[in-house]
file coords-v2.tsv (TSV, C-alpha atoms)
chain	number	residue	atom	x	y	z
A	8	MET	CA	-5.91	-20.63	2.24
A	9	ALA	CA	-4.58	-21.58	5.66
A	10	VAL	CA	-5.88	-24.80	7.18
A	11	THR	CA	-5.83	-23.35	10.70
A	12	PHE	CA	-8.01	-20.64	12.13
A	13	THR	CA	-5.96	-17.44	12.60
A	14	ASP	CA	-2.51	-17.06	14.20
A	15	MET	CA	-3.73	-16.33	17.74
A	16	PRO	CA	-7.06	-16.43	19.58
A	17	ILE	CA	-9.51	-13.83	18.34
A	18	GLU	CA	-9.85	-12.14	21.72
A	19	LEU	CA	-6.07	-11.59	21.73
A	20	LEU	CA	-6.10	-10.29	18.15
A	21	ARG	CA	-8.69	-7.70	19.06
A	22	ALA	CA	-6.37	-6.43	21.78
A	23	TYR	CA	-3.01	-6.99	20.05
A	24	ARG	CA	-0.72	-3.98	20.38
A	25	PRO	CA	2.92	-5.03	19.95
A	26	ALA	CA	5.63	-2.84	21.42
A	27	LEU	CA	7.40	-1.76	18.24
A	28	ASP	CA	10.25	0.73	18.53
A	29	ALA	CA	10.27	3.50	15.95
A	30	PRO	CA	13.72	4.71	14.89
A	31	ALA	CA	14.64	8.03	16.46
A	32	ASP	CA	15.08	9.69	13.07
A	33	LEU	CA	11.92	8.27	11.45
A	34	GLU	CA	10.27	11.64	10.88
A	35	ALA	CA	13.43	13.26	9.54
A	36	PHE	CA	14.15	10.25	7.33
A	37	TRP	CA	10.80	10.46	5.57
A	38	GLU	CA	10.62	14.25	5.46
A	39	THR	CA	14.01	14.38	3.75
A	40	THR	CA	13.20	11.53	1.37
A	41	ILE	CA	9.90	13.03	0.22
A	42	ALA	CA	11.30	16.56	0.00
A	43	GLU	CA	14.07	15.28	-2.29
A	44	ALA	CA	11.52	13.53	-4.53
A	45	ARG	CA	9.39	16.67	-4.73
A	46	ALA	CA	12.44	18.74	-5.60
A	47	ALA	CA	13.26	16.33	-8.44
A	48	ALA	CA	9.66	16.23	-9.71
A	49	ARG	CA	8.74	17.04	-13.28
A	50	PRO	CA	5.23	17.78	-14.57
A	51	ALA	CA	2.96	14.79	-14.90
A	52	THR	CA	1.47	13.86	-18.27
A	53	LEU	CA	-2.03	12.56	-18.84
A	54	THR	CA	-2.78	11.07	-22.27
A	55	PRO	CA	-6.26	9.81	-23.20
A	56	ILE	CA	-6.13	6.41	-24.86
A	57	ASP	CA	-8.39	4.61	-27.28
A	58	ALA	CA	-9.43	1.74	-25.02
A	59	PRO	CA	-12.32	-0.63	-25.61
A	60	VAL	CA	-13.91	0.79	-22.43
A	61	ARG	CA	-16.35	3.26	-23.97
A	62	ALA	CA	-18.55	4.06	-20.97
A	63	LEU	CA	-15.60	5.55	-19.06
A	64	SER	CA	-12.61	7.74	-19.86
A	65	VAL	CA	-9.20	6.01	-19.62
A	66	SER	CA	-5.91	7.93	-19.63
A	67	ASP	CA	-2.27	6.93	-19.41
A	68	LEU	CA	-0.54	8.73	-16.52
A	69	THR	CA	3.20	9.35	-16.20
A	70	PHE	CA	4.57	11.11	-13.10
A	71	THR	CA	7.85	11.23	-11.20
A	72	GLY	CA	8.41	9.39	-7.94
A	73	PHE	CA	11.55	8.63	-5.95
A	74	ASP	CA	14.67	10.37	-7.30
A	75	GLY	CA	12.69	11.73	-10.24
A	76	HIS	CA	12.13	8.24	-11.69
A	77	GLU	CA	9.20	7.99	-14.12
A	78	ILE	CA	6.24	5.99	-12.80
A	79	ARG	CA	3.28	4.86	-14.89
A	80	GLY	CA	-0.38	4.61	-13.99
A	81	TRP	CA	-3.93	4.70	-15.27
A	82	VAL	CA	-6.63	7.30	-14.62
A	83	VAL	CA	-10.17	6.01	-15.15
A	84	ARG	CA	-13.16	8.27	-14.60
A	85	PRO	CA	-16.72	8.94	-15.71
A	86	HIS	CA	-16.92	11.03	-18.87
A	87	GLY	CA	-17.17	14.79	-18.46
A	88	ASP	CA	-15.33	17.43	-16.49
A	89	ALA	CA	-17.30	17.36	-13.23
A	90	LEU	CA	-15.23	17.81	-10.06
A	91	LEU	CA	-15.13	14.37	-8.45
A	92	PRO	CA	-13.45	12.69	-5.49
A	93	ALA	CA	-10.57	10.35	-6.31
A	94	VAL	CA	-9.50	6.92	-5.12
A	95	ILE	CA	-5.86	5.98	-5.58
A	96	GLU	CA	-5.32	2.22	-5.75
A	97	TYR	CA	-1.96	0.58	-5.06
A	98	ILE	CA	-1.30	-2.94	-6.32
A	99	GLY	CA	-0.57	-6.20	-4.52
A	100	TYR	CA	2.82	-7.90	-4.46
A	101	GLY	CA	4.17	-8.92	-7.86
A	102	GLY	CA	1.52	-7.04	-9.80
A	103	GLY	CA	1.53	-3.92	-11.95
A	104	ARG	CA	-1.04	-1.47	-13.22
A	105	GLY	CA	-2.40	-4.04	-15.67
A	106	LEU	CA	-3.92	-3.41	-19.07
A	107	PRO	CA	-5.95	-0.28	-19.88
A	108	GLY	CA	-9.47	-0.69	-18.54
A	109	GLU	CA	-8.62	-3.79	-16.52
A	110	ARG	CA	-9.54	-2.14	-13.21
A	111	LEU	CA	-12.77	-0.15	-13.39
A	112	ASN	CA	-14.62	-0.66	-10.13
A	113	TRP	CA	-14.16	2.73	-8.44
A	114	ALA	CA	-14.88	4.66	-11.64
A	115	THR	CA	-18.14	2.76	-12.06
A	116	ALA	CA	-19.08	4.04	-8.58
A	117	GLY	CA	-18.53	7.63	-9.71
A	118	TYR	CA	-14.98	8.26	-8.52
A	119	VAL	CA	-11.82	9.19	-10.39
A	120	HIS	CA	-9.91	5.91	-10.10
A	121	VAL	CA	-6.11	6.19	-10.26
A	122	ILE	CA	-4.04	2.99	-10.42
A	123	MET	CA	-0.30	3.22	-9.68
A	124	ASP	CA	2.14	0.93	-11.43
A	125	THR	CA	4.63	-0.79	-9.09
A	126	ARG	CA	8.28	-0.20	-9.91
A	127	GLY	CA	10.22	-3.37	-10.67
A	128	GLN	CA	7.20	-5.67	-10.27
A	129	GLY	CA	4.33	-6.37	-12.65
A	130	SER	CA	5.35	-9.77	-13.97
A	131	THR	CA	3.83	-12.24	-11.51
A	132	TRP	CA	0.07	-11.97	-12.02
A	133	SER	CA	-0.53	-8.65	-13.84
A	134	VAL	CA	1.35	-6.48	-16.32
A	135	GLY	CA	3.59	-3.60	-15.26
A	136	ASP	CA	5.44	-0.90	-17.23
A	137	THR	CA	7.73	0.73	-14.63
A	138	PRO	CA	11.32	-0.42	-14.07
A	139	ASP	CA	13.23	0.12	-10.83
A	140	PRO	CA	16.50	1.69	-12.05
A	141	HIS	CA	18.05	1.62	-8.59
A	142	GLY	CA	20.52	-1.20	-7.94
A	143	SER	CA	20.75	-3.47	-4.90
A	144	ALA	CA	23.32	-5.52	-3.04
A	145	ALA	CA	22.85	-9.28	-2.70
A	146	ALA	CA	19.18	-10.10	-2.20
A	147	PHE	CA	16.83	-13.09	-2.06
A	148	PRO	CA	14.61	-13.37	-5.20
A	149	GLY	CA	11.69	-10.95	-5.00
A	150	VAL	CA	11.84	-7.35	-3.75
A	151	MET	CA	11.53	-7.81	0.02
A	152	THR	CA	15.30	-7.90	0.62
A	153	ARG	CA	16.55	-5.45	-2.03
A	154	GLY	CA	18.83	-3.06	-0.16
A	155	ILE	CA	17.57	-4.36	3.18
A	156	ARG	CA	20.78	-3.69	5.10
A	157	ASP	CA	20.34	0.09	4.86
A	158	PRO	CA	17.03	2.00	5.08
A	159	HIS	CA	18.32	4.53	2.54
A	160	GLU	CA	18.86	1.74	-0.01
A	161	TYR	CA	15.76	-0.32	0.79
A	162	TYR	CA	13.32	-1.01	-2.04
A	163	TYR	CA	10.27	0.09	-0.07
A	164	ARG	CA	11.75	3.51	0.58
A	165	ARG	CA	11.48	4.05	-3.15
A	166	LEU	CA	8.03	2.52	-3.52
A	167	PHE	CA	6.55	4.39	-0.54
A	168	THR	CA	7.91	7.63	-1.99
A	169	ASP	CA	6.24	6.86	-5.33
A	170	ALA	CA	2.96	6.36	-3.45
A	171	VAL	CA	3.21	9.74	-1.72
A	172	ARG	CA	4.19	11.54	-4.90
A	173	LEU	CA	1.12	10.13	-6.62
A	174	VAL	CA	-1.06	11.76	-3.96
A	175	ASP	CA	0.59	15.10	-4.85
A	176	VAL	CA	-0.10	14.52	-8.53
A	177	VAL	CA	-3.70	13.35	-8.18
A	178	ARG	CA	-4.68	16.40	-6.15
A	179	GLU	CA	-3.65	18.54	-9.14
A	180	LEU	CA	-5.36	16.51	-11.87
A	181	PRO	CA	-8.16	18.26	-13.74
A	182	GLY	CA	-11.58	17.22	-12.51
A	183	VAL	CA	-10.35	15.99	-9.09
A	184	ASP	CA	-11.53	17.52	-5.84
A	185	PRO	CA	-8.24	17.81	-3.89
A	186	SER	CA	-10.06	17.75	-0.56
A	187	ARG	CA	-11.51	14.29	-1.30
A	188	VAL	CA	-8.65	11.94	-2.16
A	189	ALA	CA	-8.66	8.44	-0.66
A	190	VAL	CA	-6.04	5.69	-0.85
A	191	THR	CA	-6.66	1.97	-0.93
A	192	GLY	CA	-5.24	-1.36	-2.04
A	193	GLY	CA	-5.06	-5.02	-1.10
A	194	SER	CA	-2.10	-6.76	0.52
A	195	GLN	CA	1.01	-4.82	-0.57
A	196	GLY	CA	-1.40	-2.20	-1.87
A	197	GLY	CA	-2.91	-2.00	1.61
A	198	GLY	CA	0.54	-1.48	3.09
A	199	LEU	CA	1.20	1.26	0.54
A	200	SER	CA	-2.09	2.95	1.39
A	201	ILE	CA	-1.08	3.03	5.08
A	202	ALA	CA	2.29	4.53	4.10
A	203	ALA	CA	0.71	7.13	1.81
A	204	ALA	CA	-1.81	8.22	4.45
A	205	ALA	CA	0.89	8.36	7.12
A	206	LEU	CA	3.43	10.28	5.05
A	207	ALA	CA	1.22	12.56	2.94
A	208	GLY	CA	-0.68	13.89	5.96
A	209	ASP	CA	-3.82	15.94	5.33
A	210	ALA	CA	-3.49	15.47	1.56
A	211	VAL	CA	-5.13	12.06	2.07
A	212	ALA	CA	-8.71	12.35	3.31
A	213	ALA	CA	-9.43	8.64	3.94
A	214	VAL	CA	-7.56	5.33	3.90
A	215	LEU	CA	-8.98	1.88	3.12
A	216	PRO	CA	-6.32	-0.84	3.55
A	217	ASP	CA	-7.55	-4.30	2.55
A	218	VAL	CA	-5.72	-7.21	4.29
A	219	PRO	CA	-2.64	-4.93	4.45
A	220	PHE	CA	0.85	-6.38	4.08
A	221	LEU	CA	4.14	-4.89	5.44
A	222	CYS	CA	3.04	-4.61	9.08
A	223	ASP	CA	4.53	-5.86	12.38
A	224	PHE	CA	7.70	-7.20	10.76
A	225	PRO	CA	9.37	-8.69	13.86
A	226	ASN	CA	6.43	-11.01	14.43
A	227	ALA	CA	5.56	-11.57	10.75
A	228	ILE	CA	8.97	-12.78	9.62
A	229	THR	CA	9.12	-15.40	12.38
A	230	ARG	CA	5.53	-16.67	12.23
A	231	THR	CA	4.23	-16.28	8.66
A	232	PRO	CA	4.45	-19.60	6.75
A	233	SER	CA	4.04	-18.16	3.25
A	234	ALA	CA	5.82	-15.75	0.94
A	235	PRO	CA	6.55	-12.87	0.62
A	236	PHE	CA	7.47	-12.46	4.32
A	237	THR	CA	9.52	-15.66	4.04
A	238	GLU	CA	11.86	-13.90	1.58
A	239	ILE	CA	13.25	-12.07	4.61
A	240	THR	CA	13.39	-15.26	6.66
A	241	ARG	CA	15.33	-17.03	3.91
A	242	TYR	CA	17.69	-14.07	3.56
A	243	LEU	CA	18.48	-14.08	7.30
A	244	ALA	CA	19.02	-17.85	7.20
A	245	VAL	CA	22.02	-17.10	4.95
A	246	HIS	CA	23.03	-13.66	6.28
A	247	ARG	CA	23.13	-14.81	9.89
A	248	ASP	CA	24.87	-11.70	11.24
A	249	ASP	CA	22.53	-9.16	9.65
A	250	THR	CA	19.45	-9.50	11.87
A	251	ALA	CA	19.93	-6.21	13.74
A	252	SER	CA	20.51	-4.14	10.60
A	253	VAL	CA	17.59	-5.81	8.80
A	254	LEU	CA	15.16	-5.17	11.65
A	255	ARG	CA	16.34	-1.58	11.85
A	256	THR	CA	15.67	-1.06	8.14
A	257	LEU	CA	12.23	-2.64	8.40
A	258	SER	CA	11.27	-0.33	11.27
A	259	TYR	CA	11.30	2.62	8.82
A	260	VAL	CA	8.61	1.01	6.63
A	261	ASP	CA	6.56	-0.97	9.16
A	262	GLY	CA	2.89	-0.14	8.72
A	263	ALA	CA	2.22	-0.79	12.40
A	264	ILE	CA	4.65	2.03	13.23
A	265	LEU	CA	3.67	4.42	10.44
A	266	ALA	CA	-0.03	4.02	11.27
A	267	ARG	CA	0.56	6.02	14.45
A	268	ARG	CA	0.68	9.07	12.18
A	269	ILE	CA	-2.76	8.44	10.64
A	270	ALA	CA	-5.59	10.59	12.02
A	271	GLN	CA	-7.79	10.38	8.92
A	272	PRO	CA	-10.88	8.15	8.69
A	273	ALA	CA	-9.76	4.55	8.16
A	274	PHE	CA	-11.55	1.36	7.10
A	275	PHE	CA	-9.49	-1.85	7.32
A	276	SER	CA	-10.23	-5.47	6.52
A	277	VAL	CA	-8.72	-8.65	7.97
A	278	ALA	CA	-9.12	-12.35	7.13
A	279	PHE	CA	-8.68	-14.84	9.96
A	280	MET	CA	-7.49	-17.72	7.74
A	281	ASP	CA	-4.86	-15.62	5.97
A	282	ASP	CA	-1.45	-17.32	5.89
A	283	VAL	CA	0.15	-14.62	3.68
A	284	VAL	CA	-0.67	-11.63	5.89
A	285	LEU	CA	-1.28	-12.83	9.43
A	286	PRO	CA	-4.30	-11.27	11.15
A	287	SER	CA	-2.03	-10.12	13.98
A	288	GLY	CA	-0.16	-7.79	11.62
A	289	VAL	CA	-3.37	-6.19	10.40
A	290	PHE	CA	-4.61	-5.64	13.96
A	291	ALA	CA	-1.21	-4.26	14.98
A	292	ALA	CA	-1.54	-1.52	12.35
A	293	PHE	CA	-5.23	-0.93	13.02
A	294	HIS	CA	-4.70	-0.51	16.76
A	295	ALA	CA	-1.84	1.92	16.14
A	296	LEU	CA	-4.09	4.43	14.34
A	297	ALA	CA	-4.56	7.90	15.80
A	298	SER	CA	-7.95	8.20	14.05
A	299	ASP	CA	-11.24	8.79	15.85
A	300	ASP	CA	-13.08	7.34	12.85
A	301	ALA	CA	-11.71	3.83	12.33
A	302	ALA	CA	-13.36	0.49	11.64
A	303	ILE	CA	-12.17	-2.99	10.73
A	304	GLU	CA	-14.21	-5.59	8.85
A	305	GLU	CA	-13.48	-9.19	9.87
A	306	TYR	CA	-13.74	-12.18	7.51
A	307	PRO	CA	-13.45	-15.25	9.77
A	308	TYR	CA	-13.46	-17.97	7.09
A	309	ASN	CA	-11.40	-16.32	4.37
A	310	GLY	CA	-7.74	-16.42	3.44
A	311	HIS	CA	-5.74	-13.72	1.70
A	312	GLU	CA	-8.58	-13.06	-0.74
A	313	GLY	CA	-10.34	-11.37	2.17
A	314	GLY	CA	-13.84	-10.12	1.52
A	315	GLY	CA	-13.48	-9.86	-2.25
A	316	HIS	CA	-16.16	-7.92	-4.10
A	317	ARG	CA	-18.45	-7.99	-1.08
A	318	HIS	CA	-15.87	-5.99	0.85
A	319	TRP	CA	-15.51	-3.53	-2.02
A	320	MET	CA	-19.25	-2.87	-1.80
A	321	LYS	CA	-18.81	-2.07	1.90
A	322	GLN	CA	-15.85	0.18	1.08
A	323	VAL	CA	-17.98	2.16	-1.37
A	324	ALA	CA	-20.76	2.65	1.16
A	325	TRP	CA	-18.24	3.69	3.84
A	326	LEU	CA	-16.43	6.17	1.57
A	327	ASP	CA	-19.65	7.56	0.06
A	328	ALA	CA	-20.76	8.49	3.58
A	329	ARG	CA	-17.54	10.41	4.24
A	330	PHE	CA	-17.22	12.05	0.81
A	331	GLY	CA	-20.89	12.98	0.41
A	332	MET	CA	-21.47	10.82	-2.64
call {"tool": "encode", "arguments": {"input": "coords-v2.tsv", "output": "structure tokens"}}
result
Amino acid sequence: MAVTFTDMPIELLRAYRPALDAPADLEAFWETTIAEARAAARPATLTPIDAPVRALSVSDLTFTGFDGHEIRGWVVRPHGDALLPAVIEYIGYGGGRGLPGERLNWATAGYVHVIMDTRGQGSTWSVGDTPDPHGSAAAFPGVMTRGIRDPHEYYYRRLFTDAVRLVDVVRELPGVDPSRVAVTGGSQGGGLSIAAAALAGDAVAAVLPDVPFLCDFPNAITRTPSAPFTEITRYLAVHRDDTASVLRTLSYVDGAILARRIAQPAFFSVAFMDDVVLPSGVFAAFHALASDDAAIEEYPYNGHEGGGHRHWMKQVAWLDARFGM
């Protein structure tokens, strides 16, 4: 946890709206990317597994994401065939979908809980099963700089597309109410939930980003003292002539730019002692929302762990109210 209290005075954070330029072809870039992934899609498979979690149903999900690549996931739900709302959870940096039954919280609250594996990650703090078959030019260790010179080659183009494709798939799963699909996640998962809500449009009914990563890149890569943002800083320290192309690429995936497309109900969280995701980046995305139903929960004395289980309890209450649970 950071030893200093936030990255700027709180009154400035609550008003922070950086002037971030969106690329002129942003909409066309993402429309083309997602249309290509949908054209390459194959039917998803859902296979029940014999997990030690007996009070809930656990299934192994395989679906196709960017370029028709196979992506893994888990679907956890209460037993039975009742039509239920769904919560899609995206995973934090370095993590994967984990072991079967490892993540149960939303299913215990009565939702269909879908956990997406993270291509090319899943070996830092939790297990993953999805490779990233797409190559990359020279990059700093980690995924932040894979293909960073060109938005078409950038790693997060592929991962964001996976996240949107999962929304398509979940809305067609048996026992899921397609009008009540929410997206959530912490850190990188929060950034992915912003991207999914921004790029999937009305298919996402609510978004709950928890201390979201991948926002306000120009400020984050110069002020954040901790990884993963520092992967980009270290890359630019070597590739001294690539700053303009790198910043252009990042503008296509910046959550504080994509959030302008979000009109759905949104519930954010921010931690003021977070030295991994600076509070300013979270507020930049939150203030960019086009939603009339948006709230942010502040945790003044927490680091990147944010509000932990206490915040999840608030998320459940917030989503229950909007989904009629």
call {"tool": "residues_around", "arguments": {"input": "coords-v2.tsv", "residues": "Gly142 in chain A", "least_positions_apart": "5", "cutoff": "9 Å", "atoms": "only C-alpha atoms", "output": "JSON, numbers by chain"}}
result
{"A": [153, 154, 160]}
call {"tool": "closest_atom_pairs", "arguments": {"input": "coords-v2.tsv", "of": "range 192-288 of chain A", "to": "range 97-121 of chain A", "cutoff": "12 Å", "atoms": "only C-alpha atoms", "output": "JSON lines"}}
result
{"residue": "A:Gly192", "atom": "CA", "partner": "A:Tyr97", "partner_atom": "CA", "distance": 4.9}
{"residue": "A:Gly193", "atom": "CA", "partner": "A:Gly99", "partner_atom": "CA", "distance": 5.8}
{"residue": "A:Ser194", "atom": "CA", "partner": "A:Gly99", "partner_atom": "CA", "distance": 5.3}
{"residue": "A:Gln195", "atom": "CA", "partner": "A:Gly99", "partner_atom": "CA", "distance": 4.5}
{"residue": "A:Gly196", "atom": "CA", "partner": "A:Tyr97", "partner_atom": "CA", "distance": 4.3}
{"residue": "A:Gly197", "atom": "CA", "partner": "A:Tyr97", "partner_atom": "CA", "distance": 7.2}
{"residue": "A:Gly198", "atom": "CA", "partner": "A:Tyr97", "partner_atom": "CA", "distance": 8.8}
{"residue": "A:Leu199", "atom": "CA", "partner": "A:Tyr97", "partner_atom": "CA", "distance": 6.5}
{"residue": "A:Ser200", "atom": "CA", "partner": "A:Tyr97", "partner_atom": "CA", "distance": 6.9}
{"residue": "A:Ile201", "atom": "CA", "partner": "A:Tyr97", "partner_atom": "CA", "distance": 10.5}
{"residue": "A:Ala202", "atom": "CA", "partner": "A:Tyr97", "partner_atom": "CA", "distance": 10.8}
{"residue": "A:Ala203", "atom": "CA", "partner": "A:Tyr97", "partner_atom": "CA", "distance": 9.9}
{"residue": "A:Val214", "atom": "CA", "partner": "A:Tyr97", "partner_atom": "CA", "distance": 11.6}
{"residue": "A:Leu215", "atom": "CA", "partner": "A:Tyr97", "partner_atom": "CA", "distance": 10.9}
{"residue": "A:Pro216", "atom": "CA", "partner": "A:Tyr97", "partner_atom": "CA", "distance": 9.8}
{"residue": "A:Asp217", "atom": "CA", "partner": "A:Gly99", "partner_atom": "CA", "distance": 10.1}
{"residue": "A:Val218", "atom": "CA", "partner": "A:Gly99", "partner_atom": "CA", "distance": 10.3}
{"residue": "A:Pro219", "atom": "CA", "partner": "A:Gly99", "partner_atom": "CA", "distance": 9.3}
{"residue": "A:Phe220", "atom": "CA", "partner": "A:Gly99", "partner_atom": "CA", "distance": 8.7}
{"residue": "A:Leu221", "atom": "CA", "partner": "A:Tyr100", "partner_atom": "CA", "distance": 10.4}
{"residue": "A:Ala234", "atom": "CA", "partner": "A:Tyr100", "partner_atom": "CA", "distance": 10.0}
{"residue": "A:Pro235", "atom": "CA", "partner": "A:Tyr100", "partner_atom": "CA", "distance": 8.0}
{"residue": "A:Phe236", "atom": "CA", "partner": "A:Tyr100", "partner_atom": "CA", "distance": 10.9}
{"residue": "A:Val283", "atom": "CA", "partner": "A:Tyr100", "partner_atom": "CA", "distance": 10.9}
{"residue": "A:Val284", "atom": "CA", "partner": "A:Tyr100", "partner_atom": "CA", "distance": 11.5}
call {"tool": "atom_distance", "arguments": {"input": "coords-v2.tsv", "atom1": "CA of Arg247 in chain A", "atom2": "CA of Pro225 in chain A"}}
result
15.6 Å
call {"tool": "residues_around", "arguments": {"input": "coords-v2.tsv", "residues": "range 15-20 of chain A", "least_positions_apart": "3", "cutoff": "10 Å", "atoms": "all atoms listed in the file", "output": "list in words"}}
result
Phe12, Tyr23, Arg24, Phe279, Leu285, Pro286, Ser287, Gly288, Val289, Phe290, Ala291, His294 and Pro307 of chain A
call {"tool": "write_last_selection", "arguments": {"input": "coords-v2.tsv", "atoms": "C-alpha atoms", "output": "compact mmCIF listing (two decimals), in the coordinates of the input"}}
result
# COMPACT_ATOMS: atom_id res chain seq x y z
CA PHE A 12 -8.01 -20.64 12.13
CA TYR A 23 -3.01 -6.99 20.05
CA ARG A 24 -0.72 -3.98 20.38
CA PHE A 279 -8.68 -14.84 9.96
CA LEU A 285 -1.28 -12.83 9.43
CA PRO A 286 -4.30 -11.27 11.15
CA SER A 287 -2.03 -10.12 13.98
CA GLY A 288 -0.16 -7.79 11.62
CA VAL A 289 -3.37 -6.19 10.40
CA PHE A 290 -4.61 -5.64 13.96
CA ALA A 291 -1.21 -4.26 14.98
CA HIS A 294 -4.70 -0.51 16.76
CA PRO A 307 -13.45 -15.25 9.77
call {"tool": "residues_near_point", "arguments": {"input": "coords-v2.tsv", "point": "(-11.1, -11.7, 7.9)", "cutoff": "7 Å", "atoms": "all atoms listed in the file", "output": "list in words"}}
result
Ser276, Val277, Ala278, Phe279, Glu304, Glu305, Tyr306, Pro307, Tyr308, Asn309 and Gly313 of chain A
call {"tool": "residues_around", "arguments": {"input": "coords-v2.tsv", "residues": "range 166-172 of chain A", "least_positions_apart": "3", "cutoff": "10 Å", "atoms": "only C-alpha atoms", "output": "VMD selection string"}}
result
chain A and resid 37 40 to 45 48 70 to 78 95 to 97 123 to 127 139 161 to 163 175 to 177 190 196 198 to 208 210 to 211 260
call {"tool": "closest_residue", "arguments": {"input": "coords-v2.tsv", "among": "A:Leu27, A:Ile303, A:Met332, A:Leu180", "to": "Ser66 in chain A", "atoms": "all atoms listed in the file"}}
result
A:Leu180
call {"tool": "atom_distance", "arguments": {"input": "coords-v2.tsv", "atom1": "CA of Val82 in chain A", "atom2": "CA of Thr54 in chain A"}}
result
9.4 Å
call {"tool": "atom_distance", "arguments": {"input": "coords-v2.tsv", "atom1": "CA of Val150 in chain A", "atom2": "CA of Ile239 in chain A"}}
result
9.7 Å
call {"tool": "residues_around", "arguments": {"input": "coords-v2.tsv", "residues": "Arg178 in chain A", "least_positions_apart": "5", "cutoff": "9 Å", "atoms": "only C-alpha atoms", "output": "number ranges by chain"}}
result
A: 93, 173, 183-188, 210
call {"tool": "residues_near_point", "arguments": {"input": "coords-v2.tsv", "point": "(17.3, -7.9, 7.9)", "cutoff": "10 Å", "atoms": "all atoms listed in the file", "output": "list in words"}}
result
Met151, Thr152, Gly154, Ile155, Arg156, Asp157, Pro225, Ile228, Ile239, Thr240, Tyr242, Leu243, His246, Arg247, Asp248, Asp249, Thr250, Ala251, Ser252, Val253, Leu254, Arg255, Thr256 and Leu257 of chain A
call {"tool": "residues_around", "arguments": {"input": "coords-v2.tsv", "residues": "Arg61 in chain A", "least_positions_apart": "2", "cutoff": "12 Å", "atoms": "all atoms listed in the file", "output": "ChimeraX atom specification"}}
result
/A:56-59,63-65,83-86,107-108,111
call {"tool": "closest_residue", "arguments": {"input": "coords-v2.tsv", "among": "A:Ala144, A:Cys222, A:Ala244, A:Ala212", "to": "Ile269 in chain A", "atoms": "all atoms listed in the file"}}
result
A:Ala212
